[in-house]
>>> print(open('protein39.pdb').read())   # PDB, C-alpha atoms and all ligand atoms
ATOM      1  CA  MET A  45    -206.466  31.387 143.001
ATOM      2  CA  SER A  46    -208.297  31.770 139.675
ATOM      3  CA  LYS A  47    -209.941  35.180 139.367
ATOM      4  CA  PRO A  48    -213.632  34.646 140.142
ATOM      5  CA  ALA A  49    -216.422  36.460 138.359
ATOM      6  CA  MET A  50    -217.629  39.363 140.519
ATOM      7  CA  SER A  51    -220.278  37.474 142.454
ATOM      8  CA  LEU A  52    -218.610  34.085 142.857
ATOM      9  CA  PRO A  53    -217.413  33.024 146.298
ATOM     10  CA  ARG A  54    -213.735  32.157 146.749
ATOM     11  CA  LEU A  55    -213.223  28.602 147.989
ATOM     12  CA  CYS A  56    -210.128  26.629 148.956
ATOM     13  CA  ILE A  57    -209.967  22.938 148.073
ATOM     14  CA  VAL A  58    -207.673  21.058 150.462
ATOM     15  CA  ALA A  59    -206.826  17.564 149.194
ATOM     16  CA  THR A  60    -205.856  14.790 151.586
ATOM     17  CA  GLY A  61    -205.992  11.649 149.398
ATOM     18  CA  GLY A  62    -208.555   8.840 149.495
ATOM     19  CA  THR A  63    -210.406   6.964 146.787
ATOM     20  CA  ILE A  64    -211.592  10.216 145.264
ATOM     21  CA  ALA A  65    -207.943  10.586 144.201
ATOM     22  CA  GLY A  66    -207.469   6.855 143.640
ATOM     23  CA  ALA A  67    -205.906   5.274 140.551
ATOM     24  CA  GLY A  68    -206.744   1.672 139.677
ATOM     25  CA  VAL A  69    -205.029  -0.895 137.526
ATOM     26  CA  ARG A  70    -207.842  -0.837 134.929
ATOM     27  CA  PRO A  71    -211.149   1.005 134.470
ATOM     28  CA  GLN A  72    -213.181  -2.009 135.594
ATOM     29  CA  ALA A  73    -211.364  -2.082 138.952
ATOM     30  CA  THR A  74    -213.282  -0.540 141.834
ATOM     31  CA  MET A  75    -211.340  -2.304 144.580
ATOM     32  CA  ALA A  76    -207.786  -2.769 143.242
ATOM     33  CA  TYR A  77    -206.412   0.758 143.310
ATOM     34  CA  ALA A  78    -204.072   3.069 145.176
ATOM     35  CA  ALA A  79    -205.823   5.778 147.201
ATOM     36  CA  GLY A  80    -204.476   9.323 146.989
ATOM     37  CA  ALA A  81    -202.613   8.791 143.692
ATOM     38  CA  LEU A  82    -203.907  11.849 141.781
ATOM     39  CA  ASP A  83    -203.014  15.348 142.867
ATOM     40  CA  VAL A  84    -205.524  18.090 143.521
ATOM     41  CA  ASP A  85    -204.972  19.801 140.163
ATOM     42  CA  GLU A  86    -205.816  16.561 138.364
ATOM     43  CA  LEU A  87    -208.935  16.170 140.516
ATOM     44  CA  CYS A  88    -210.112  19.677 139.666
ATOM     45  CA  ALA A  89    -209.281  19.244 135.975
ATOM     46  CA  ARG A  90    -211.736  16.312 135.843
ATOM     47  CA  VAL A  91    -214.643  18.513 136.940
ATOM     48  CA  PRO A  92    -216.051  20.607 134.112
ATOM     49  CA  GLY A  93    -217.622  23.865 135.256
ATOM     50  CA  LEU A  94    -215.950  23.962 138.674
ATOM     51  CA  ASP A  95    -214.735  27.522 138.165
ATOM     52  CA  GLU A  96    -218.226  28.610 137.139
ATOM     53  CA  VAL A  97    -219.376  27.865 140.703
ATOM     54  CA  ALA A  98    -216.538  29.454 142.691
ATOM     55  CA  GLY A  99    -213.086  30.949 142.399
ATOM     56  CA  ILE A 100    -210.941  27.979 143.334
ATOM     57  CA  GLN A 101    -207.621  27.868 145.164
ATOM     58  CA  ALA A 102    -206.424  24.263 145.466
ATOM     59  CA  GLU A 103    -203.702  22.758 147.620
ATOM     60  CA  GLN A 104    -202.373  19.307 148.349
ATOM     61  CA  PHE A 105    -202.298  18.850 152.119
ATOM     62  CA  ALA A 106    -201.700  15.076 152.182
ATOM     63  CA  ALA A 107    -202.079  12.002 149.968
ATOM     64  CA  ILE A 108    -203.127   9.293 152.390
ATOM     65  CA  ASP A 109    -205.525   6.413 152.559
ATOM     66  CA  SER A 110    -207.798   7.613 155.357
ATOM     67  CA  LYS A 111    -207.450   4.362 157.295
ATOM     68  CA  ASN A 112    -204.017   5.800 158.134
ATOM     69  CA  ALA A 113    -205.415   9.073 159.502
ATOM     70  CA  THR A 114    -204.296   9.762 163.081
ATOM     71  CA  PRO A 115    -205.233  12.289 165.765
ATOM     72  CA  ALA A 116    -202.068  14.201 164.797
ATOM     73  CA  PHE A 117    -203.370  14.320 161.202
ATOM     74  CA  TRP A 118    -206.711  15.732 162.438
ATOM     75  CA  GLN A 119    -204.893  18.421 164.379
ATOM     76  CA  SER A 120    -202.604  19.527 161.568
ATOM     77  CA  LEU A 121    -205.461  19.471 159.040
ATOM     78  CA  ALA A 122    -207.601  21.574 161.380
ATOM     79  CA  ALA A 123    -204.767  24.057 161.870
ATOM     80  CA  ARG A 124    -204.353  24.403 158.099
ATOM     81  CA  VAL A 125    -208.078  24.792 157.429
ATOM     82  CA  GLN A 126    -208.358  27.326 160.268
ATOM     83  CA  ALA A 127    -205.434  29.316 158.812
ATOM     84  CA  LEU A 128    -207.074  29.397 155.368
ATOM     85  CA  LEU A 129    -210.397  30.520 156.846
ATOM     86  CA  ASP A 130    -208.715  33.221 158.931
ATOM     87  CA  ALA A 131    -206.395  34.539 156.227
ATOM     88  CA  GLY A 132    -209.090  36.323 154.221
ATOM     89  CA  GLY A 133    -209.707  35.706 150.539
ATOM     90  CA  CYS A 134    -211.322  32.375 151.411
ATOM     91  CA  ASP A 135    -215.077  32.174 151.847
ATOM     92  CA  GLY A 136    -215.120  28.459 152.622
ATOM     93  CA  VAL A 137    -213.136  25.237 152.416
ATOM     94  CA  VAL A 138    -213.765  21.911 150.707
ATOM     95  CA  VAL A 139    -211.654  19.009 151.996
ATOM     96  CA  THR A 140    -211.290  15.941 149.778
ATOM     97  CA  HIS A 141    -210.855  12.881 152.011
ATOM     98  CA  GLY A 142    -210.962   9.089 151.996
ATOM     99  CA  THR A 143    -214.344   7.772 152.995
ATOM    100  CA  ASP A 144    -213.174   5.155 155.509
ATOM    101  CA  THR A 145    -212.592   7.593 158.364
ATOM    102  CA  LEU A 146    -214.160  10.704 156.834
ATOM    103  CA  GLU A 147    -216.857  10.756 159.504
ATOM    104  CA  GLU A 148    -214.274  11.049 162.299
ATOM    105  CA  THR A 149    -212.280  13.835 160.636
ATOM    106  CA  ALA A 150    -215.515  15.671 159.829
ATOM    107  CA  TYR A 151    -216.752  15.550 163.436
ATOM    108  CA  TYR A 152    -213.348  16.546 164.806
ATOM    109  CA  LEU A 153    -213.258  19.606 162.505
ATOM    110  CA  HIS A 154    -216.892  20.355 163.423
ATOM    111  CA  LEU A 155    -215.851  20.530 167.087
ATOM    112  CA  VAL A 156    -212.600  22.496 166.798
ATOM    113  CA  LEU A 157    -212.826  24.972 163.902
ATOM    114  CA  LYS A 158    -213.663  28.509 164.902
ATOM    115  CA  THR A 159    -215.631  29.766 161.942
ATOM    116  CA  ASP A 160    -219.103  30.354 160.566
ATOM    117  CA  LYS A 161    -217.860  29.819 157.011
ATOM    118  CA  PRO A 162    -218.831  26.627 155.176
ATOM    119  CA  VAL A 163    -216.472  23.673 155.484
ATOM    120  CA  VAL A 164    -217.436  20.638 153.417
ATOM    121  CA  LEU A 165    -215.828  17.196 153.363
ATOM    122  CA  VAL A 166    -216.182  15.110 150.233
ATOM    123  CA  GLY A 167    -215.000  11.688 149.108
ATOM    124  CA  ALA A 168    -215.853   9.021 146.596
ATOM    125  CA  MET A 169    -216.466   5.306 146.639
ATOM    126  CA  ARG A 170    -214.974   4.610 143.208
ATOM    127  CA  PRO A 171    -211.435   5.567 142.215
ATOM    128  CA  ALA A 172    -210.951   8.400 139.748
ATOM    129  CA  THR A 173    -209.890   5.936 137.035
ATOM    130  CA  ALA A 174    -212.988   3.694 137.359
ATOM    131  CA  LEU A 175    -215.456   3.229 134.547
ATOM    132  CA  SER A 176    -217.970   5.565 136.165
ATOM    133  CA  PRO A 177    -216.251   7.428 138.997
ATOM    134  CA  ASP A 178    -218.455   9.228 141.508
ATOM    135  CA  GLY A 179    -215.709  11.627 142.623
ATOM    136  CA  PRO A 180    -215.987  14.383 139.991
ATOM    137  CA  LEU A 181    -219.721  14.961 140.541
ATOM    138  CA  ASN A 182    -219.304  14.671 144.312
ATOM    139  CA  LEU A 183    -216.573  17.333 144.169
ATOM    140  CA  LEU A 184    -218.708  19.626 142.014
ATOM    141  CA  ASP A 185    -221.608  19.109 144.440
ATOM    142  CA  ALA A 186    -219.370  19.816 147.453
ATOM    143  CA  VAL A 187    -218.167  23.070 145.913
ATOM    144  CA  THR A 188    -221.764  23.955 145.021
ATOM    145  CA  VAL A 189    -222.817  23.407 148.650
ATOM    146  CA  ALA A 190    -219.840  25.356 150.058
ATOM    147  CA  ALA A 191    -220.663  28.223 147.677
ATOM    148  CA  HIS A 192    -224.301  28.337 148.740
ATOM    149  CA  PRO A 193    -225.289  31.380 150.829
ATOM    150  CA  GLN A 194    -227.190  29.234 153.355
ATOM    151  CA  ALA A 195    -224.308  26.822 154.000
ATOM    152  CA  ALA A 196    -222.764  29.164 156.584
ATOM    153  CA  GLY A 197    -223.262  28.510 160.287
ATOM    154  CA  ARG A 198    -224.098  24.831 159.936
ATOM    155  CA  GLY A 199    -220.692  23.609 161.039
ATOM    156  CA  VAL A 200    -218.892  21.021 158.954
ATOM    157  CA  LEU A 201    -220.886  19.281 156.236
ATOM    158  CA  VAL A 202    -220.377  16.031 154.336
ATOM    159  CA  VAL A 203    -221.418  15.779 150.699
ATOM    160  CA  LEU A 204    -221.624  12.511 148.747
ATOM    161  CA  ASN A 205    -224.119  11.073 146.306
ATOM    162  CA  HIS A 206    -226.261  14.264 146.267
ATOM    163  CA  GLN A 207    -226.810  14.267 150.021
ATOM    164  CA  VAL A 208    -225.693  16.995 152.414
ATOM    165  CA  LEU A 209    -225.130  15.487 155.854
ATOM    166  CA  GLY A 210    -224.191  17.131 159.142
ATOM    167  CA  ALA A 211    -220.751  16.144 160.447
ATOM    168  CA  ARG A 212    -222.122  15.010 163.816
ATOM    169  CA  ASP A 213    -224.417  12.411 162.314
ATOM    170  CA  ALA A 214    -222.842  11.407 158.988
ATOM    171  CA  ALA A 215    -221.712   7.775 158.893
ATOM    172  CA  LYS A 216    -220.315   5.428 156.296
ATOM    173  CA  THR A 217    -222.945   2.698 156.282
ATOM    174  CA  ASN A 218    -221.899   0.624 153.292
ATOM    175  CA  ALA A 219    -218.528  -0.751 152.217
ATOM    176  CA  ASN A 220    -218.926  -0.468 148.449
ATOM    177  CA  ARG A 221    -221.835   1.480 147.008
ATOM    178  CA  PRO A 222    -221.717   5.136 145.915
ATOM    179  CA  ASP A 223    -224.620   5.795 148.335
ATOM    180  CA  ALA A 224    -222.442   4.687 151.237
ATOM    181  CA  PHE A 225    -223.180   7.626 153.552
ATOM    182  CA  ALA A 226    -226.232   8.333 155.678
ATOM    183  CA  SER A 227    -227.231  10.093 158.875
ATOM    184  CA  PRO A 228    -229.131   7.247 160.553
ATOM    185  CA  ASN A 229    -230.417   9.353 163.467
ATOM    186  CA  ALA A 230    -230.779  12.836 162.000
ATOM    187  CA  GLY A 231    -231.473  12.311 158.300
ATOM    188  CA  ALA A 232    -230.016  14.465 155.547
ATOM    189  CA  MET A 233    -229.499  18.185 156.152
ATOM    190  CA  GLY A 234    -229.993  18.915 152.490
ATOM    191  CA  TRP A 235    -229.771  17.795 148.914
ATOM    192  CA  VAL A 236    -227.679  19.007 145.978
ATOM    193  CA  GLN A 237    -228.593  18.241 142.411
ATOM    194  CA  ASP A 238    -227.634  19.892 139.119
ATOM    195  CA  GLY A 239    -226.319  22.991 140.822
ATOM    196  CA  ARG A 240    -229.282  23.496 143.135
ATOM    197  CA  VAL A 241    -229.203  23.029 146.906
ATOM    198  CA  ALA A 242    -232.299  22.291 149.001
ATOM    199  CA  TRP A 243    -231.893  22.683 152.769
ATOM    200  CA  MET A 244    -233.948  20.660 155.211
ATOM    201  CA  GLY A 245    -232.275  20.775 158.595
ATOM    202  CA  TRP A 246    -230.010  22.550 161.038
ATOM    203  CA  PRO A 247    -227.487  21.091 163.523
ATOM    204  CA  GLY A 248    -229.103  20.283 166.858
ATOM    205  CA  HIS A 249    -225.908  20.373 168.943
ATOM    206  CA  GLY A 250    -223.139  22.875 169.641
ATOM    207  CA  HIS A 251    -220.252  23.054 167.156
ATOM    208  CA  THR A 252    -217.408  25.223 165.840
ATOM    209  CA  ARG A 253    -217.565  28.606 167.661
ATOM    210  CA  ALA A 254    -219.858  27.202 170.364
ATOM    211  CA  THR A 255    -217.313  24.683 171.697
ATOM    212  CA  PRO A 256    -214.286  25.270 173.960
ATOM    213  CA  PHE A 257    -212.112  23.099 171.667
ATOM    214  CA  THR A 258    -209.514  24.179 169.109
ATOM    215  CA  ALA A 259    -206.923  22.458 166.919
ATOM    216  CA  SER A 260    -204.490  22.946 169.834
ATOM    217  CA  THR A 261    -206.632  21.103 172.391
ATOM    218  CA  PRO A 262    -204.677  18.004 173.495
ATOM    219  CA  LEU A 263    -206.286  14.712 172.531
ATOM    220  CA  ALA A 264    -206.419  12.172 175.343
ATOM    221  CA  PRO A 265    -205.914   8.498 174.471
ATOM    222  CA  VAL A 266    -209.318   6.800 174.179
ATOM    223  CA  GLU A 267    -210.046   3.299 172.873
ATOM    224  CA  VAL A 268    -213.204   1.652 171.531
ATOM    225  CA  LEU A 269    -214.282  -1.901 172.340
ATOM    226  CA  ALA A 270    -217.417  -3.694 171.220
ATOM    227  CA  GLY A 271    -219.742  -6.087 173.000
ATOM    228  CA  TYR A 272    -220.588  -9.403 171.342
ATOM    229  CA  ALA A 273    -221.727 -12.864 172.434
ATOM    230  CA  GLY A 274    -218.963 -14.542 174.411
ATOM    231  CA  GLY A 275    -216.585 -11.557 174.237
ATOM    232  CA  SER A 276    -213.560 -11.777 176.518
ATOM    233  CA  ALA A 277    -213.491  -9.452 179.537
ATOM    234  CA  ALA A 278    -209.694  -9.732 179.424
ATOM    235  CA  LEU A 279    -209.666  -7.299 176.495
ATOM    236  CA  ILE A 280    -211.505  -4.713 178.603
ATOM    237  CA  ARG A 281    -209.057  -5.180 181.493
ATOM    238  CA  ALA A 282    -206.165  -4.800 179.016
ATOM    239  CA  VAL A 283    -207.349  -1.286 178.142
ATOM    240  CA  GLY A 284    -206.224  -0.056 181.556
ATOM    241  CA  ALA A 285    -202.661  -1.174 180.800
ATOM    242  CA  THR A 286    -202.530   0.828 177.541
ATOM    243  CA  GLY A 287    -202.658   4.111 179.453
ATOM    244  CA  ALA A 288    -206.019   4.994 177.936
ATOM    245  CA  LYS A 289    -207.868   7.742 179.798
ATOM    246  CA  GLY A 290    -211.151   6.750 178.273
ATOM    247  CA  LEU A 291    -213.020   3.861 176.691
ATOM    248  CA  VAL A 292    -216.076   3.949 174.477
ATOM    249  CA  TRP A 293    -218.073   0.782 174.979
ATOM    250  CA  ALA A 294    -219.866  -0.037 171.714
ATOM    251  CA  GLY A 295    -222.342  -2.198 173.536
ATOM    252  CA  THR A 296    -225.051  -4.508 172.343
ATOM    253  CA  GLY A 297    -228.479  -2.918 171.937
ATOM    254  CA  ASN A 298    -228.841   0.064 174.246
ATOM    255  CA  GLY A 299    -225.123   0.026 175.148
ATOM    256  CA  SER A 300    -225.484  -3.073 177.285
ATOM    257  CA  ALA A 301    -222.691  -5.368 178.453
ATOM    258  CA  SER A 302    -222.648  -9.007 179.549
ATOM    259  CA  ALA A 303    -222.200  -9.666 183.275
ATOM    260  CA  ASP A 304    -218.486 -10.449 182.731
ATOM    261  CA  ALA A 305    -217.921  -7.406 180.569
ATOM    262  CA  GLN A 306    -219.815  -5.165 183.014
ATOM    263  CA  GLU A 307    -217.608  -6.330 185.888
ATOM    264  CA  ALA A 308    -214.479  -5.443 183.898
ATOM    265  CA  LEU A 309    -215.952  -2.076 182.831
ATOM    266  CA  ASP A 310    -216.763  -1.292 186.487
ATOM    267  CA  GLU A 311    -213.148  -2.048 187.409
ATOM    268  CA  LEU A 312    -211.930   0.370 184.733
ATOM    269  CA  VAL A 313    -214.239   3.080 186.077
ATOM    270  CA  ARG A 314    -212.942   2.475 189.630
ATOM    271  CA  ASP A 315    -209.391   2.841 188.229
ATOM    272  CA  GLY A 316    -210.272   6.286 186.857
ATOM    273  CA  VAL A 317    -210.879   5.422 183.189
ATOM    274  CA  VAL A 318    -213.920   7.261 181.830
ATOM    275  CA  VAL A 319    -216.163   4.693 180.153
ATOM    276  CA  VAL A 320    -218.835   6.058 177.803
ATOM    277  CA  ARG A 321    -221.638   3.781 176.688
ATOM    278  CA  ALA A 322    -222.575   3.744 173.000
ATOM    279  CA  THR A 323    -224.277   1.227 170.731
ATOM    280  CA  ARG A 324    -222.919  -1.097 168.107
ATOM    281  CA  THR A 325    -226.268  -1.047 166.271
ATOM    282  CA  GLY A 326    -225.528   1.985 164.090
ATOM    283  CA  SER A 327    -228.391   4.129 165.335
ATOM    284  CA  GLY A 328    -230.404   4.981 168.405
ATOM    285  CA  CYS A 329    -229.759   6.871 171.614
ATOM    286  CA  VAL A 330    -227.786   5.498 174.579
ATOM    287  CA  ALA A 331    -228.334   6.848 178.091
ATOM    288  CA  ALA A 332    -226.010   6.904 181.107
ATOM    289  CA  SER A 333    -226.039   3.874 183.394
ATOM    290  CA  GLY A 334    -224.092   2.658 186.412
ATOM    291  CA  GLY A 335    -221.647   5.583 186.567
ATOM    292  CA  MET A 336    -220.976   5.472 182.842
ATOM    293  CA  PRO A 337    -222.100   8.453 180.729
ATOM    294  CA  GLY A 338    -224.158   7.732 177.612
ATOM    295  CA  ALA A 339    -223.079   8.793 174.122
ATOM    296  CA  GLY A 340    -226.657   9.730 173.204
ATOM    297  CA  THR A 341    -226.985   9.560 169.424
ATOM    298  CA  LEU A 342    -223.238   9.647 168.729
ATOM    299  CA  SER A 343    -221.715   6.596 167.101
ATOM    300  CA  PRO A 344    -218.874   4.912 169.038
ATOM    301  CA  TRP A 345    -216.306   6.479 166.669
ATOM    302  CA  LYS A 346    -217.687   9.972 167.113
ATOM    303  CA  ALA A 347    -218.064   9.444 170.860
ATOM    304  CA  ARG A 348    -214.346   8.631 170.914
ATOM    305  CA  VAL A 349    -213.490  11.917 169.165
ATOM    306  CA  LEU A 350    -215.547  13.931 171.653
ATOM    307  CA  LEU A 351    -214.173  12.059 174.662
ATOM    308  CA  MET A 352    -210.587  12.563 173.440
ATOM    309  CA  LEU A 353    -211.216  16.313 173.268
ATOM    310  CA  ALA A 354    -213.152  16.541 176.535
ATOM    311  CA  LEU A 355    -210.564  14.611 178.545
ATOM    312  CA  GLY A 356    -207.706  16.364 176.724
ATOM    313  CA  ALA A 357    -209.237  19.708 177.722
ATOM    314  CA  GLY A 358    -209.543  18.507 181.325
ATOM    315  CA  MET A 359    -213.316  18.859 181.325
ATOM    316  CA  GLY A 360    -215.418  17.186 183.999
ATOM    317  CA  GLY A 361    -219.142  16.652 183.604
ATOM    318  CA  VAL A 362    -218.693  14.259 180.705
ATOM    319  CA  GLN A 363    -222.435  13.606 180.406
ATOM    320  CA  ASP A 364    -223.061  17.337 179.963
ATOM    321  CA  VAL A 365    -220.412  17.403 177.250
ATOM    322  CA  PHE A 366    -222.173  14.562 175.437
ATOM    323  CA  ASP A 367    -225.555  16.202 175.801
ATOM    324  CA  THR A 368    -224.225  19.510 174.440
ATOM    325  CA  TYR A 369    -222.004  18.533 171.482
TER     326      TYR A 369
HETATM  327  C1  LIG A 401    -209.777   5.876 152.080
HETATM  328  O1  LIG A 401    -210.556   5.992 153.012
HETATM  329  O2  LIG A 401    -208.788   6.632 151.932
HETATM  330  C2  LIG A 401    -209.963   4.789 151.078
HETATM  331  C3  LIG A 401    -211.376   4.425 150.866
HETATM  332  C4  LIG A 401    -212.201   5.534 150.273
HETATM  333  O3  LIG A 401    -211.825   6.676 150.142
HETATM  334  O4  LIG A 401    -213.365   5.203 149.900
END
>>> encode(input="protein39.pdb", output="structure tokens")
Amino acid sequence: MSKPAMSLPRLCIVATGGTIAGAGVRPQATMAYAAGALDVDELCARVPGLDEVAGIQAEQFAAIDSKNATPAFWQSLAARVQALLDAGGCDGVVVTHGTDTLEETAYYLHLVLKTDKPVVLVGAMRPATALSPDGPLNLLDAVTVAAHPQAAGRGVLVVLNHQVLGARDAAKTNANRPDAFASPNAGAMGWVQDGRVAWMGWPGHGHTRATPFTASTPLAPVEVLAGYAGGSAALIRAVGATGAKGLVWAGTGNGSASADAQEALDELVRDGVVVVRATRTGSGCVAASGGMPGAGTLSPWKARVLLMLALGAGMGGVQDVFDTY
């Protein structure tokens, strides 16, 4: 770790790959590139002034495209981040991550880490070699947020394109643009610009120390299926054969299902599969109905993370779990 000036916090940057570390074939290329090609030292070297914000210790944890992230990856990343936070000499952690599944990793860490220290996930939409990469400023902003005295206690945060989003609500809402992330239900928790952080919100649900989950909590197999006009109920029935303990139904509108789909979902419930209703719309709040708990304001992908943990921990009262976390 570089020796920080007296008052600077000491932060660990944990790199996992993604477009933020991507290398393209030419500067004009924003889509033809390999994710996770640059190592963490190269990433930090591209950010002037990083060590004026915090004393930085950087490590390469993985170099993956986040579409290849797995529940086992979440668990080992959480164990590593927890170890860094517990070891002393680390006032917070910044995780660089691909944007495609960043929201799932962020929410998982938000639920399992036992800390009040800041943990910030950051990515980029353009590879590091692009004509105007967004990664270096995003990384500087993420470190600035993690170093901020009021970042503690908010659980895991997501920083991209000047916005500070809570891990529970952050979602990738665009496939290409640097402003790809938003919190459709909760709005931004803060803003970061030119070294200044403005806070606007606080997490409304339990997280980190307030959950019973840890990086060692088993993760039950849970699938996600979506409702759409003319969708085949055979796919829903097939979920039972996969051994899934849970299914998140990303339903139309308010989590609704066609008559055919509803019949197949009811069969799954009778067979002991926990079916949670969510919405495919990208925002809104879904209530329980017909013996199926509602995901509330969680997206289908986040509802899956929570259901995997809840069922893995052997928790009953799934609706309470969804109302609380
Ligand atoms: C990835 O998720 O690893 C690739 C896409 C990105 O980071 O934007």
>>> closest_residue(input="protein39.pdb", among="A:Lys216, A:His206, A:Arg253, A:Arg124", to="ligand LIG 401 (chain A)", atoms="only C-alpha atoms and all ligand atoms")
A:Lys216
>>> resolve_selection(input="protein39.pdb", expression="the PyMOL selection byres (((not hetatm)) within 7 of (chain A and resi 401))", output="ChimeraX atom specification")
/A:61-64,79,108-111,141-145,167-170
>>> write_last_selection(input="protein39.pdb", atoms="C-alpha atoms", output="PDB file, in the coordinates of the input")
ATOM      1  CA  GLY A  61    -205.992  11.649 149.398  1.00  0.00           C
ATOM      2  CA  GLY A  62    -208.555   8.840 149.495  1.00  0.00           C
ATOM      3  CA  THR A  63    -210.406   6.964 146.787  1.00  0.00           C
ATOM      4  CA  ILE A  64    -211.592  10.216 145.264  1.00  0.00           C
ATOM      5  CA  ALA A  79    -205.823   5.778 147.201  1.00  0.00           C
ATOM      6  CA  ILE A 108    -203.127   9.293 152.390  1.00  0.00           C
ATOM      7  CA  ASP A 109    -205.525   6.413 152.559  1.00  0.00           C
ATOM      8  CA  SER A 110    -207.798   7.613 155.357  1.00  0.00           C
ATOM      9  CA  LYS A 111    -207.450   4.362 157.295  1.00  0.00           C
ATOM     10  CA  HIS A 141    -210.855  12.881 152.011  1.00  0.00           C
ATOM     11  CA  GLY A 142    -210.962   9.089 151.996  1.00  0.00           C
ATOM     12  CA  THR A 143    -214.344   7.772 152.995  1.00  0.00           C
ATOM     13  CA  ASP A 144    -213.174   5.155 155.509  1.00  0.00           C
ATOM     14  CA  THR A 145    -212.592   7.593 158.364  1.00  0.00           C
ATOM     15  CA  GLY A 167    -215.000  11.688 149.108  1.00  0.00           C
ATOM     16  CA  ALA A 168    -215.853   9.021 146.596  1.00  0.00           C
ATOM     17  CA  MET A 169    -216.466   5.306 146.639  1.00  0.00           C
ATOM     18  CA  ARG A 170    -214.974   4.610 143.208  1.00  0.00           C
TER      19      ARG A 170
END
>>> resolve_selection(input="protein39.pdb", expression="the PyMOL selection byres (((chain A and resi 368) around 12) and not hetatm)", output="VMD selection string")
chain A and resid 155 212 247 to 251 254 to 256 339 to 342 350 354 361 to 367 369
>>> atom_distance(input="protein39.pdb", atom1="CA of Ser260 (chain A)", atom2="CA of Ala123 (chain A)")
8.0 Å
>>> closest_residue(input="protein39.pdb", among="A:His154, A:Thr149, A:Val139, A:Pro53", to="Val203 (chain A)", atoms="all atoms listed in the file")
A:Val139
>>> decode(input="protein39.pdb", residues="region 59-108 of chain A", atoms="C-alpha atoms", output="short mmCIF file (atom, residue, chain, number, x, y, z; two decimals), in the first residue's frame")
data_model
loop_
_atom_site.label_atom_id
_atom_site.label_comp_id
_atom_site.auth_asym_id
_atom_site.auth_seq_id
_atom_site.Cartn_x
_atom_site.Cartn_y
_atom_site.Cartn_z
CA ALA A 59 -10.15 -5.75 -9.67
CA THR A 60 -12.35 -8.40 -11.24
CA GLY A 61 -12.23 -7.55 -14.98
CA GLY A 62 -14.99 -6.07 -17.13
CA THR A 63 -15.02 -3.34 -19.74
CA ILE A 64 -13.35 -0.94 -17.34
CA ALA A 65 -10.27 -3.13 -17.91
CA GLY A 66 -11.14 -3.82 -21.55
CA ALA A 67 -8.74 -3.51 -24.49
CA GLY A 68 -10.12 -2.96 -27.98
CA VAL A 69 -8.68 -3.49 -31.41
CA ARG A 70 -8.56 0.27 -32.13
CA PRO A 71 -9.47 3.47 -30.27
CA GLN A 72 -12.71 3.89 -32.23
CA ALA A 73 -13.95 0.47 -31.08
CA THR A 74 -16.44 0.55 -28.23
CA MET A 75 -17.88 -2.90 -28.87
CA ALA A 76 -15.02 -5.00 -30.30
CA TYR A 77 -12.79 -5.52 -27.28
CA ALA A 78 -11.71 -8.07 -24.70
CA ALA A 79 -13.04 -7.41 -21.19
CA GLY A 80 -10.62 -7.73 -18.28
CA ALA A 81 -7.46 -7.36 -20.40
CA LEU A 82 -5.67 -4.68 -18.32
CA ASP A 83 -4.44 -5.42 -14.84
CA VAL A 84 -5.27 -3.35 -11.79
CA ASP A 85 -1.93 -1.51 -11.77
CA GLU A 86 -2.54 -0.35 -15.34
CA LEU A 87 -6.04 0.78 -14.38
CA CYS A 88 -4.73 2.82 -11.46
CA ALA A 89 -1.87 4.26 -13.53
CA ARG A 90 -4.47 5.77 -15.91
CA VAL A 91 -6.06 7.80 -13.11
CA PRO A 92 -4.10 10.94 -12.27
CA GLY A 93 -4.49 12.07 -8.67
CA LEU A 94 -5.79 8.75 -7.33
CA ASP A 95 -3.24 8.71 -4.51
CA GLU A 96 -4.19 12.26 -3.54
CA VAL A 97 -7.63 10.94 -2.54
CA ALA A 98 -6.63 7.80 -0.62
CA GLY A 99 -3.74 5.51 0.17
CA ILE A 100 -4.32 2.75 -2.35
CA GLN A 101 -3.63 -0.97 -2.08
CA ALA A 102 -4.60 -2.72 -5.32
CA GLU A 103 -5.06 -6.39 -6.08
CA GLN A 104 -6.18 -8.47 -9.02
CA PHE A 105 -8.91 -10.82 -7.82
CA ALA A 106 -10.15 -11.99 -11.25
CA ALA A 107 -10.12 -10.92 -14.90
CA ILE A 108 -13.53 -11.98 -16.15
#
